[in-house]
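Student: See run-v6.csv below, with CSV, C-alpha atoms and all ligand atoms.
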chain,number,residue,atom,x,y,z
A,1,MET,CA,92.6,129.8,90.9
A,2,ALA,CA,91.6,128.7,94.4
A,3,LEU,CA,94.2,128.8,97.1
A,4,ARG,CA,95.0,125.7,99.3
A,5,ALA,CA,96.9,125.9,102.6
A,6,ILE,CA,99.1,123.0,103.4
A,7,LEU,CA,101.5,122.3,106.4
A,8,GLY,CA,103.8,119.4,105.8
A,9,GLY,CA,105.7,117.7,108.6
A,10,THR,CA,106.9,114.6,110.3
A,11,PHE,CA,104.3,115.2,113.1
A,12,ASN,CA,106.2,112.9,115.4
A,13,PRO,CA,104.1,113.8,117.4
A,14,PRO,CA,101.9,116.7,116.1
A,15,HIS,CA,101.7,119.7,118.6
A,16,TYR,CA,100.2,123.1,119.0
A,17,GLY,CA,103.4,124.7,117.7
A,18,HIS,CA,102.5,123.2,114.3
A,19,ILE,CA,98.9,124.2,114.1
A,20,LYS,CA,98.4,127.4,116.1
A,21,PRO,CA,100.7,129.7,114.1
A,22,ALA,CA,99.4,128.3,110.9
A,23,LEU,CA,95.8,128.6,111.8
A,24,SER,CA,96.4,132.2,112.9
A,25,LEU,CA,97.3,133.1,109.3
A,26,LEU,CA,94.3,131.6,107.5
A,27,ASP,CA,92.2,134.7,107.6
A,28,SER,CA,95.0,137.0,106.4
A,29,ILE,CA,95.7,134.6,103.6
A,30,GLY,CA,92.0,134.2,102.8
A,31,VAL,CA,91.7,130.5,103.0
A,32,SER,CA,89.2,128.6,105.2
A,33,ALA,CA,91.1,125.3,105.8
A,34,LEU,CA,94.5,123.9,106.6
A,35,GLY,CA,95.7,120.5,105.4
A,36,LEU,CA,98.2,118.8,107.6
A,37,MET,CA,100.3,116.6,105.3
A,38,PRO,CA,102.4,113.9,107.1
A,39,CYS,CA,105.5,113.1,105.1
A,40,LYS,CA,106.2,109.5,104.2
A,41,ILE,CA,109.9,109.4,104.9
A,42,ALA,CA,111.8,112.6,105.7
A,43,PRO,CA,115.0,112.1,103.8
A,44,HIS,CA,116.9,114.1,106.4
A,45,LYS,CA,115.4,112.5,109.5
A,46,GLN,CA,115.4,109.2,111.3
A,47,VAL,CA,111.8,108.5,112.2
A,48,SER,CA,111.1,105.3,114.1
A,49,VAL,CA,107.4,105.8,114.9
A,50,ASN,CA,105.6,104.3,111.9
A,51,GLU,CA,103.6,106.2,109.4
A,52,ASN,CA,100.3,104.8,110.6
A,53,HIS,CA,100.8,106.1,114.1
A,54,ARG,CA,101.8,109.5,112.8
A,55,VAL,CA,98.8,109.7,110.5
A,56,ASN,CA,96.5,108.6,113.4
A,57,MET,CA,97.9,111.3,115.6
A,58,VAL,CA,97.4,113.9,112.9
A,59,GLU,CA,93.8,112.8,112.5
A,60,LEU,CA,93.2,113.2,116.2
A,61,CYS,CA,94.9,116.6,116.1
A,62,CYS,CA,92.5,117.7,113.3
A,63,THR,CA,89.5,117.2,115.7
A,64,GLU,CA,90.9,120.3,117.6
A,65,ASP,CA,89.6,122.7,114.9
A,66,PRO,CA,87.1,122.3,112.1
A,67,ARG,CA,89.4,124.0,109.7
A,68,LEU,CA,92.0,121.2,109.9
A,69,TYR,CA,92.0,118.1,107.7
A,70,VAL,CA,94.6,115.4,106.8
A,71,GLU,CA,96.2,115.7,103.4
A,72,SER,CA,97.5,112.2,102.9
A,73,LEU,CA,98.7,112.4,99.3
A,74,GLU,CA,102.4,112.1,100.1
A,75,LEU,CA,101.9,108.7,101.7
A,76,SER,CA,100.8,107.3,98.4
A,77,LEU,CA,103.8,108.6,96.5
A,78,PRO,CA,107.0,106.6,95.8
A,79,SER,CA,109.7,106.9,98.4
A,80,PRO,CA,111.7,108.9,99.2
A,81,SER,CA,109.3,111.7,99.5
A,82,TYR,CA,110.8,114.9,98.2
A,83,THR,CA,108.7,118.0,98.9
A,84,VAL,CA,109.2,119.4,95.4
A,85,ARG,CA,107.7,116.2,93.9
A,86,THR,CA,104.8,116.1,96.4
A,87,LEU,CA,103.9,119.8,95.7
A,88,GLU,CA,103.9,119.1,92.0
A,89,CYS,CA,101.6,116.1,92.5
A,90,LEU,CA,99.4,118.1,94.9
A,91,GLN,CA,99.0,120.9,92.3
A,92,GLN,CA,98.1,118.4,89.6
A,93,LYS,CA,95.6,116.6,91.8
A,94,HIS,CA,93.7,119.7,93.0
A,95,GLN,CA,94.4,122.1,90.2
A,96,ASP,CA,94.8,125.0,92.6
A,97,SER,CA,97.5,127.2,94.0
A,98,ILE,CA,99.3,126.0,97.1
A,99,CYS,CA,100.4,128.0,100.1
A,100,PHE,CA,103.0,125.7,101.7
A,101,PHE,CA,103.7,126.5,105.4
A,102,ILE,CA,107.1,125.9,106.9
A,103,GLY,CA,108.8,127.0,110.1
A,104,ALA,CA,111.7,129.4,110.0
A,105,ASP,CA,114.1,126.5,110.8
A,106,SER,CA,113.0,124.8,107.7
A,107,LEU,CA,113.6,127.9,105.6
A,108,TYR,CA,117.1,128.2,107.0
A,109,ASN,CA,117.8,124.7,105.9
A,110,ILE,CA,116.0,124.9,102.6
A,111,GLU,CA,119.2,124.5,100.5
A,112,SER,CA,119.4,120.9,101.8
A,113,TRP,CA,116.0,120.1,100.2
A,114,PHE,CA,116.0,118.2,97.0
A,115,GLU,CA,115.8,120.6,94.0
A,116,TRP,CA,114.9,123.4,96.5
A,117,GLU,CA,115.1,126.1,93.8
A,118,ARG,CA,112.1,124.5,92.0
A,119,LEU,CA,109.9,124.6,95.1
A,120,LEU,CA,108.5,128.0,94.1
A,121,ASP,CA,107.5,126.6,90.7
A,122,TYR,CA,104.7,124.7,92.6
A,123,CYS,CA,103.8,126.8,95.6
A,124,HIS,CA,104.0,130.0,97.6
A,125,LEU,CA,106.0,129.5,100.8
A,126,VAL,CA,104.6,130.9,104.0
A,127,VAL,CA,107.2,130.9,106.8
A,128,MET,CA,106.2,130.9,110.4
A,129,ARG,CA,108.5,132.3,113.1
A,130,ARG,CA,110.1,129.6,115.2
A,131,ASP,CA,112.7,131.3,117.5
A,132,GLY,CA,113.9,134.8,118.2
A,133,GLU,CA,112.6,138.2,117.4
A,134,ARG,CA,113.5,138.4,113.8
A,135,PHE,CA,114.0,136.2,110.8
A,136,SER,CA,117.7,135.6,110.3
A,137,PRO,CA,118.2,133.5,107.2
A,138,PRO,CA,121.7,132.3,106.1
A,139,SER,CA,123.4,134.7,103.8
A,140,SER,CA,123.4,132.1,101.0
A,141,ILE,CA,119.6,132.4,100.5
A,142,VAL,CA,119.2,136.1,101.1
A,143,ALA,CA,119.3,137.0,97.4
A,144,TRP,CA,116.8,134.3,96.6
A,145,LEU,CA,114.5,135.5,99.4
A,146,ASP,CA,114.8,139.2,98.4
A,147,ALA,CA,113.8,138.2,94.8
A,148,ASN,CA,110.7,136.4,96.0
A,149,LYS,CA,109.5,137.7,99.3
A,150,THR,CA,106.5,139.9,99.7
A,151,ASP,CA,104.5,141.4,102.6
A,152,ASP,CA,101.4,141.7,100.4
A,153,TYR,CA,99.1,138.8,101.0
A,154,SER,CA,97.0,139.6,98.0
A,155,GLN,CA,99.9,138.5,95.8
A,156,LEU,CA,99.2,134.9,96.9
A,157,HIS,CA,95.9,135.2,95.0
A,158,GLU,CA,97.2,137.2,92.1
A,159,LYS,CA,100.1,134.8,91.3
A,160,GLN,CA,99.8,131.1,91.0
A,161,HIS,CA,103.1,130.4,92.8
A,162,GLY,CA,106.5,131.9,93.5
A,163,CYS,CA,105.9,134.2,96.6
A,164,VAL,CA,107.6,133.9,100.0
A,165,ILE,CA,105.9,135.4,103.0
A,166,LEU,CA,107.8,135.8,106.2
A,167,ALA,CA,104.8,135.9,108.5
A,168,ASP,CA,104.8,137.6,111.8
A,169,THR,CA,103.2,134.6,113.6
A,170,PRO,CA,103.2,134.4,117.4
A,171,LEU,CA,106.1,132.3,118.8
A,172,HIS,CA,105.3,128.8,120.0
A,173,PRO,CA,108.6,127.6,121.5
A,174,VAL,CA,108.2,123.8,121.3
A,175,SER,CA,109.4,120.9,119.1
A,176,SER,CA,108.4,117.3,118.6
A,177,THR,CA,111.9,116.4,119.8
A,178,GLU,CA,111.3,118.0,123.2
A,179,LEU,CA,107.9,116.4,123.5
A,180,ARG,CA,109.3,112.9,122.7
A,181,SER,CA,111.8,113.5,125.5
A,182,ALA,CA,108.9,114.6,127.8
A,183,VAL,CA,107.0,111.4,127.2
A,184,ALA,CA,110.1,109.3,128.0
A,185,SER,CA,110.7,111.3,131.2
A,186,THR,CA,108.9,110.7,134.5
A,187,SER,CA,109.1,114.2,135.9
A,188,SER,CA,105.9,116.2,136.5
A,189,ALA,CA,107.3,119.2,134.8
A,190,GLN,CA,107.7,117.2,131.6
A,191,ALA,CA,104.1,115.9,132.0
A,192,ASP,CA,103.0,119.6,132.2
A,193,LEU,CA,104.9,120.3,129.0
A,194,LEU,CA,103.1,117.6,127.2
A,195,LYS,CA,99.7,118.9,128.4
A,196,LYS,CA,100.6,122.4,127.4
A,197,TRP,CA,101.6,121.5,123.8
A,198,VAL,CA,99.9,118.3,122.8
A,199,PRO,CA,96.2,117.9,122.2
A,200,PRO,CA,94.6,115.6,124.9
A,201,LYS,CA,93.5,113.0,122.3
A,202,VAL,CA,97.0,112.7,121.0
A,203,ILE,CA,98.4,112.3,124.5
A,204,ASP,CA,95.9,109.5,125.1
A,205,TYR,CA,97.0,107.9,121.8
A,206,ILE,CA,100.6,108.1,122.8
A,207,ASP,CA,99.8,106.4,126.2
A,208,THR,CA,97.6,103.7,124.6
A,209,HIS,CA,100.3,102.8,122.1
A,210,GLN,CA,103.2,103.3,124.4
A,211,LEU,CA,105.0,105.6,121.9
A,212,TYR,CA,108.2,107.4,122.6
A,213,GLN,CA,108.9,105.3,125.8
A,214,ASP,CA,112.6,105.3,125.1
A,215,LEU,CA,114.6,108.2,123.6
A,216,SER,CA,115.7,106.2,120.6
A,217,ASN,CA,112.2,106.9,119.3
B,301,LIG,P1,111.4,117.5,115.3
B,301,LIG,O1,111.6,118.2,116.7
B,301,LIG,O2,111.1,116.1,115.4
B,301,LIG,O3,112.5,117.9,114.3
B,301,LIG,P2,109.3,119.5,114.7
B,301,LIG,O4,108.7,119.9,116.0
B,301,LIG,O5,110.3,120.5,114.0
B,301,LIG,O6,110.0,118.1,114.8
B,301,LIG,P3,108.1,118.8,112.1
B,301,LIG,O7,106.9,117.9,112.0
B,301,LIG,O8,109.4,118.4,111.6
B,301,LIG,O9,108.1,119.2,113.7
B,301,LIG,O10,107.7,120.2,111.6
B,301,LIG,C1,106.9,120.4,110.4
B,301,LIG,C2,106.9,121.9,110.1
B,301,LIG,O11,106.4,122.7,111.1
B,301,LIG,C3,108.3,122.4,109.8
B,301,LIG,O12,108.4,123.3,108.7
B,301,LIG,C4,108.7,123.1,111.1
B,301,LIG,O13,109.6,124.1,110.9
B,301,LIG,C5,107.3,123.7,111.5
B,301,LIG,N1,107.2,123.8,113.0
B,301,LIG,C6,107.4,122.8,113.9
B,301,LIG,N2,107.2,123.3,115.1
B,301,LIG,C7,107.0,124.6,115.0
B,301,LIG,C8,106.8,125.7,115.9
B,301,LIG,N3,106.8,125.4,117.3
B,301,LIG,N4,106.6,126.9,115.5
B,301,LIG,C9,106.6,127.1,114.1
B,301,LIG,N5,106.8,126.2,113.2
B,301,LIG,C10,107.0,124.9,113.6
Spell out the structure here as C-alpha cells.
Ligand code: ATP
Tutor:
Amino acid sequence: MALRAILGGTFNPPHYGHIKPALSLLDSIGVSALGLMPCKIAPHKQVSVNENHRVNMVELCCTEDPRLYVESLELSLPSPSYTVRTLECLQQKHQDSICFFIGADSLYNIESWFEWERLLDYCHLVVMRRDGERFSPPSSIVAWLDANKTDDYSQLHEKQHGCVILADTPLHPVSSTELRSAVASTSSAQADLLKKWVPPKVIDYIDTHQLYQDLSN
C-alpha cells in the first residue's frame, strides 16, 4: 500500500515552522510529497479568518516547494471537523496508508481530540519537535505511546496504520499566534519575525487582504 504524508492544521497563517520540519522527514519516511490539509473548523480553536483566506494562504505556501500540495478534503466534510473522521475519509478516498504529521504540542493534547484512541486505526502519527530538547508527554498517554511508538521508519510501510514516530526534527520556534501578533504590531522587530517565518507570497496576501490587523483575529 502506498504511503501518503499529510500535515493538518489551522494554518492561520501557514509558516515555515509547519512545513520545514515536515519536509525534512520525507526522505526518511520514503514519500515524495506532503499534503497540507487546512481544517474546516478546529473544535478547540476560535478562528476568525475565514476558510477561503486560510486555503489561499496554504496554496501560496505550496509554491515554496514542489513537494507541497493542498489536501482540501476536510473542507468538504460536514462540520465540525474531527480529525479521526477526516482520516477515515482520506483513507477511503485514496486507498493508501496515511502518515499524519503533528507537532509535539498536539501530541501532548491528544486526549482532548474526539475519539483520539481511534486515530491510529486510520493513520501513523509522525510527531515533530516543537519546544525543548526532549519529548515530554503527559503521564496519561505514556502507556499508549509505549505500546505504539517505533524508531523504525520501515514499519510505516510494513504496517497500514498504528505506529507513532517521535521524530528528531530541527526546532522551529514559532507559532501562528506569534505571527498574528507580529502583523498587528508596528515594530520593526516584529516585521523581521514575519519575514523570517512566513513565505513572502503569504506576507503579500496578508497585506493585500488586511488580515490580522487587530489582535482579536
Ligand atoms: P496557533 O498558534 O494559532 O495555535 P500553530 O502555529 O500551532 O497555530 P497550527 O496550524 O495549529 O499552527 O498547527 C498545525 C500543526 O502543525 C499542529 O500539529 C502543530 O503542532 C504543528 N506545528 C505548528 N507549528 C509548528 C512548529 N513551529 N514546529 C513543529 N510543529 C508545528
Student: Dump the neighbourhood of ligand LIG 301 (chain B) as a ChimeraX atom specification: all residues within 9 Å, distances computed on only C-alpha atoms and all ligand atoms.
Tutor: /A:7-22,38-39,42,45,47,101-107,127-131,169-180
Student: Do a neighbour search on Lys149 (chain A) at 9 Å with all atoms listed in the file, toss out local chain neighbours closer than 6 positions, and write the hits as a PyMOL selection string.
Tutor: chain A and resi 162-166
Student: Starting from 6 Å padding per side, set up an axis-aligned box that covers all listed atoms of region 165-172 of chain A and hand over centre and edge lengths in Å, one decimal, as AutoDock Vina command-line options.
Tutor:
--center_x 105.5 --center_y 133.2 --center_z 111.5 --size_x 16.6 --size_y 20.8 --size_z 29.0
Student: Counting only C-alpha atoms, which residue out of A:Leu3, A:Ser76, A:Asp152, A:Asn52 sits closest to Phe100 (chain A)?
Tutor: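 Looking only at the distances to Phe100 (chain A), the closest residue turns out to be A:Leu3.
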Student: For Leu145 (chain A), which residue among A:Leu125, A:Leu194, A:Ser188, A:Tyr212 is the nearest when counting only C-alpha atoms?
Tutor: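 Of all the options, A:Leu125 lies closest to Leu145 (chain A).
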Student: What's around Gly35 (chain A) at 6 Å? Count only C-alpha atoms, leave out sequence neighbours fewer than 5 positions away in its own chain, and write the answer as a PyMOL selection string.
Tutor: chain A and resi 6+68-71
Student: Determine the nearest neighbour of Val198 (chain A) from the options A:Asp121, A:Glu64, A:Asp27, A:Glu51, counting all atoms listed in the file.
Tutor: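 Comparing A:Asp121, A:Glu64, A:Asp27, A:Glu51 against Val198 (chain A), the winner is A:Glu64.
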Student: Using all atoms listed in the file, which residue out of A:Leu73, A:Ile29, A:Leu193, A:Leu60 lies closest to Gln155 (chain A)?
Tutor: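 Using all atoms listed in the file, the shortest distance to Gln155 (chain A) belongs to A:Ile29.
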Student: Using only C-alpha atoms, which protein or nucleic acid residues come within 7 Å of region 134-138 of chain A? Drop anything in the same chain fewer than 3 positions from it, and give the result as a ChimeraX atom specification.
Tutor: /A:108,141-142
Student: I need the chosen residues saved as an mmCIF file, in the frame of the given file, with C-alpha atoms.
Tutor:
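To be explicit, this is the file written out as again05.cif:
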data_model
loop_
_atom_site.group_PDB
_atom_site.id
_atom_site.type_symbol
_atom_site.label_atom_id
_atom_site.label_comp_id
_atom_site.auth_asym_id
_atom_site.auth_seq_id
_atom_site.Cartn_x
_atom_site.Cartn_y
_atom_site.Cartn_z
ATOM 1 C CA TYR A 108 117.100 128.200 107.000
ATOM 2 C CA ILE A 141 119.600 132.400 100.500
ATOM 3 C CA VAL A 142 119.200 136.100 101.100
#
Student: Need to verify the contact set: Gln160 (chain A), 12 Å, only C-alpha atoms, exclusion of same-chain residues closer than 2 positions in sequence. Can you return it as a list in words?
Tutor: Met1, Ala2, Leu3, Arg4, Gln91, Gln95, Asp96, Ser97, Ile98, Cys99, Leu120, Asp121, Tyr122, Cys123, His124, Leu125, Ser154, Gln155, Leu156, His157, Glu158, Gly162 and Cys163 of chain A
Student: Suppose you want the space between CA of Gln190 (chain A) and CA of Thr208 (chain A); what is it in Å?
Tutor: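 CA of Thr208 (chain A) lies 18.3 Å from CA of Gln190 (chain A).
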Student: Using only C-alpha atoms, pick whichever of A:Gln210, A:Tyr205, A:Asn56, A:Pro66 has the shortest atom-to-atom distance to Ser32 (chain A).
Tutor: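 Closest candidate: A:Pro66.
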Student: Using only C-alpha atoms, pick whichever of A:Pro78, A:Ser28, A:Cys61, A:Lys93 has the shortest atom-to-atom distance to Ile203 (chain A).
Tutor: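 Closest to Ile203 (chain A) of all the choices is A:Cys61.
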Student: As an exercise, work out the distance from CA of Leu25 (chain A) to CA of Ser81 (chain A) in Å and give it to one decimal place.
Tutor: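 Computing the Euclidean distance for CA of Leu25 (chain A) and CA of Ser81 (chain A) yields 26.4 Å.
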Student: Would you compute the distance between CA of Ala143 (chain A) and CA of Lys159 (chain A)? Give it in Å to one decimal.
Tutor: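 So the two atoms, CA of Ala143 (chain A) and CA of Lys159 (chain A), lie 20.3 Å apart.
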Student: Restore N, CA and C atoms in region 132-167 of chain A and list the result as a PDB file, in the coordinates of the input.
Tutor:
ATOM      1  N   GLY A 132     113.313 133.428 118.332  1.00  0.00           N
ATOM      2  CA  GLY A 132     113.900 134.800 118.200  1.00  0.00           C
ATOM      3  C   GLY A 132     112.958 135.818 117.706  1.00  0.00           C
ATOM      4  N   GLU A 133     113.432 137.031 117.752  1.00  0.00           N
ATOM      5  CA  GLU A 133     112.600 138.200 117.400  1.00  0.00           C
ATOM      6  C   GLU A 133     112.424 138.398 115.942  1.00  0.00           C
ATOM      7  N   ARG A 134     113.482 138.087 115.205  1.00  0.00           N
ATOM      8  CA  ARG A 134     113.500 138.400 113.800  1.00  0.00           C
ATOM      9  C   ARG A 134     113.869 137.191 112.975  1.00  0.00           C
ATOM     10  N   PHE A 135     113.516 137.207 111.695  1.00  0.00           N
ATOM     11  CA  PHE A 135     114.000 136.200 110.800  1.00  0.00           C
ATOM     12  C   PHE A 135     115.494 136.440 110.528  1.00  0.00           C
ATOM     13  N   SER A 136     116.302 135.405 110.578  1.00  0.00           N
ATOM     14  CA  SER A 136     117.700 135.600 110.300  1.00  0.00           C
ATOM     15  C   SER A 136     118.209 134.466 109.355  1.00  0.00           C
ATOM     16  N   PRO A 137     117.840 134.538 108.084  1.00  0.00           N
ATOM     17  CA  PRO A 137     118.200 133.500 107.200  1.00  0.00           C
ATOM     18  C   PRO A 137     119.711 133.483 106.865  1.00  0.00           C
ATOM     19  N   PRO A 138     120.270 132.339 106.468  1.00  0.00           N
ATOM     20  CA  PRO A 138     121.700 132.300 106.100  1.00  0.00           C
ATOM     21  C   PRO A 138     121.932 133.208 104.889  1.00  0.00           C
ATOM     22  N   SER A 139     123.140 133.767 104.824  1.00  0.00           N
ATOM     23  CA  SER A 139     123.400 134.700 103.800  1.00  0.00           C
ATOM     24  C   SER A 139     123.274 134.091 102.366  1.00  0.00           C
ATOM     25  N   SER A 140     123.470 132.773 102.296  1.00  0.00           N
ATOM     26  CA  SER A 140     123.400 132.100 101.000  1.00  0.00           C
ATOM     27  C   SER A 140     122.002 132.126 100.368  1.00  0.00           C
ATOM     28  N   ILE A 141     120.953 132.370 101.161  1.00  0.00           N
ATOM     29  CA  ILE A 141     119.600 132.400 100.500  1.00  0.00           C
ATOM     30  C   ILE A 141     119.017 133.819 100.520  1.00  0.00           C
ATOM     31  N   VAL A 142     119.778 134.800 100.970  1.00  0.00           N
ATOM     32  CA  VAL A 142     119.200 136.100 101.100  1.00  0.00           C
ATOM     33  C   VAL A 142     118.807 136.704  99.700  1.00  0.00           C
ATOM     34  N   ALA A 143     119.643 136.486  98.693  1.00  0.00           N
ATOM     35  CA  ALA A 143     119.300 137.000  97.400  1.00  0.00           C
ATOM     36  C   ALA A 143     118.059 136.348  96.819  1.00  0.00           C
ATOM     37  N   TRP A 144     117.964 135.043  97.017  1.00  0.00           N
ATOM     38  CA  TRP A 144     116.800 134.300  96.600  1.00  0.00           C
ATOM     39  C   TRP A 144     115.524 134.799  97.320  1.00  0.00           C
ATOM     40  N   LEU A 145     115.683 135.025  98.628  1.00  0.00           N
ATOM     41  CA  LEU A 145     114.500 135.500  99.400  1.00  0.00           C
ATOM     42  C   LEU A 145     114.136 136.916  98.938  1.00  0.00           C
ATOM     43  N   ASP A 146     115.130 137.788  98.769  1.00  0.00           N
ATOM     44  CA  ASP A 146     114.800 139.200  98.400  1.00  0.00           C
ATOM     45  C   ASP A 146     114.079 139.176  97.017  1.00  0.00           C
ATOM     46  N   ALA A 147     114.440 138.232  96.158  1.00  0.00           N
ATOM     47  CA  ALA A 147     113.800 138.200  94.800  1.00  0.00           C
ATOM     48  C   ALA A 147     112.359 137.724  94.891  1.00  0.00           C
ATOM     49  N   ASN A 148     112.015 137.000  95.942  1.00  0.00           N
ATOM     50  CA  ASN A 148     110.700 136.400  96.000  1.00  0.00           C
ATOM     51  C   ASN A 148     109.779 136.788  97.093  1.00  0.00           C
ATOM     52  N   LYS A 149     110.310 137.452  98.092  1.00  0.00           N
ATOM     53  CA  LYS A 149     109.500 137.700  99.300  1.00  0.00           C
ATOM     54  C   LYS A 149     108.559 138.917  99.058  1.00  0.00           C
ATOM     55  N   THR A 150     107.434 138.841  99.733  1.00  0.00           N
ATOM     56  CA  THR A 150     106.500 139.900  99.700  1.00  0.00           C
ATOM     57  C   THR A 150     105.778 140.035 101.030  1.00  0.00           C
ATOM     58  N   ASP A 151     105.306 141.243 101.364  1.00  0.00           N
ATOM     59  CA  ASP A 151     104.500 141.400 102.600  1.00  0.00           C
ATOM     60  C   ASP A 151     103.008 141.490 102.176  1.00  0.00           C
ATOM     61  N   ASP A 152     102.753 141.450 100.898  1.00  0.00           N
ATOM     62  CA  ASP A 152     101.400 141.700 100.400  1.00  0.00           C
ATOM     63  C   ASP A 152     100.677 140.377 100.149  1.00  0.00           C
ATOM     64  N   TYR A 153      99.766 140.053 101.071  1.00  0.00           N
ATOM     65  CA  TYR A 153      99.100 138.800 101.000  1.00  0.00           C
ATOM     66  C   TYR A 153      98.229 138.612  99.742  1.00  0.00           C
ATOM     67  N   SER A 154      97.815 139.738  99.156  1.00  0.00           N
ATOM     68  CA  SER A 154      97.000 139.600  98.000  1.00  0.00           C
ATOM     69  C   SER A 154      97.758 138.991  96.795  1.00  0.00           C
ATOM     70  N   GLN A 155      99.101 139.103  96.861  1.00  0.00           N
ATOM     71  CA  GLN A 155      99.900 138.500  95.800  1.00  0.00           C
ATOM     72  C   GLN A 155      99.740 136.967  95.759  1.00  0.00           C
ATOM     73  N   LEU A 156      99.373 136.395  96.900  1.00  0.00           N
ATOM     74  CA  LEU A 156      99.200 134.900  96.900  1.00  0.00           C
ATOM     75  C   LEU A 156      98.015 134.528  96.067  1.00  0.00           C
ATOM     76  N   HIS A 157      97.075 135.453  95.873  1.00  0.00           N
ATOM     77  CA  HIS A 157      95.900 135.200  95.000  1.00  0.00           C
ATOM     78  C   HIS A 157      96.198 135.585  93.579  1.00  0.00           C
ATOM     79  N   GLU A 158      96.971 136.650  93.441  1.00  0.00           N
ATOM     80  CA  GLU A 158      97.200 137.200  92.100  1.00  0.00           C
ATOM     81  C   GLU A 158      98.179 136.312  91.311  1.00  0.00           C
ATOM     82  N   LYS A 159      99.165 135.723  91.998  1.00  0.00           N
ATOM     83  CA  LYS A 159     100.100 134.800  91.300  1.00  0.00           C
ATOM     84  C   LYS A 159      99.793 133.390  91.662  1.00  0.00           C
ATOM     85  N   GLN A 160     100.102 132.502  90.743  1.00  0.00           N
ATOM     86  CA  GLN A 160      99.800 131.100  91.000  1.00  0.00           C
ATOM     87  C   GLN A 160     100.805 130.440  91.934  1.00  0.00           C
ATOM     88  N   HIS A 161     102.014 130.964  91.940  1.00  0.00           N
ATOM     89  CA  HIS A 161     103.100 130.400  92.800  1.00  0.00           C
ATOM     90  C   HIS A 161     104.229 131.417  92.788  1.00  0.00           C
ATOM     91  N   GLY A 162     105.239 131.140  93.621  1.00  0.00           N
ATOM     92  CA  GLY A 162     106.500 131.900  93.500  1.00  0.00           C
ATOM     93  C   GLY A 162     106.689 132.981  94.607  1.00  0.00           C
ATOM     94  N   CYS A 163     105.714 133.178  95.526  1.00  0.00           N
ATOM     95  CA  CYS A 163     105.900 134.200  96.600  1.00  0.00           C
ATOM     96  C   CYS A 163     106.423 133.533  97.863  1.00  0.00           C
ATOM     97  N   VAL A 164     107.192 134.295  98.607  1.00  0.00           N
ATOM     98  CA  VAL A 164     107.600 133.900 100.000  1.00  0.00           C
ATOM     99  C   VAL A 164     107.061 134.962 100.921  1.00  0.00           C
ATOM    100  N   ILE A 165     106.317 134.523 101.927  1.00  0.00           N
ATOM    101  CA  ILE A 165     105.900 135.400 103.000  1.00  0.00           C
ATOM    102  C   ILE A 165     106.580 135.075 104.269  1.00  0.00           C
ATOM    103  N   LEU A 166     107.255 136.036 104.865  1.00  0.00           N
ATOM    104  CA  LEU A 166     107.800 135.800 106.200  1.00  0.00           C
ATOM    105  C   LEU A 166     106.774 136.353 107.172  1.00  0.00           C
ATOM    106  N   ALA A 167     106.017 135.452 107.751  1.00  0.00           N
ATOM    107  CA  ALA A 167     104.800 135.900 108.500  1.00  0.00           C
ATOM    108  C   ALA A 167     105.148 136.138 109.951  1.00  0.00           C
TER     109      ALA A 167
END
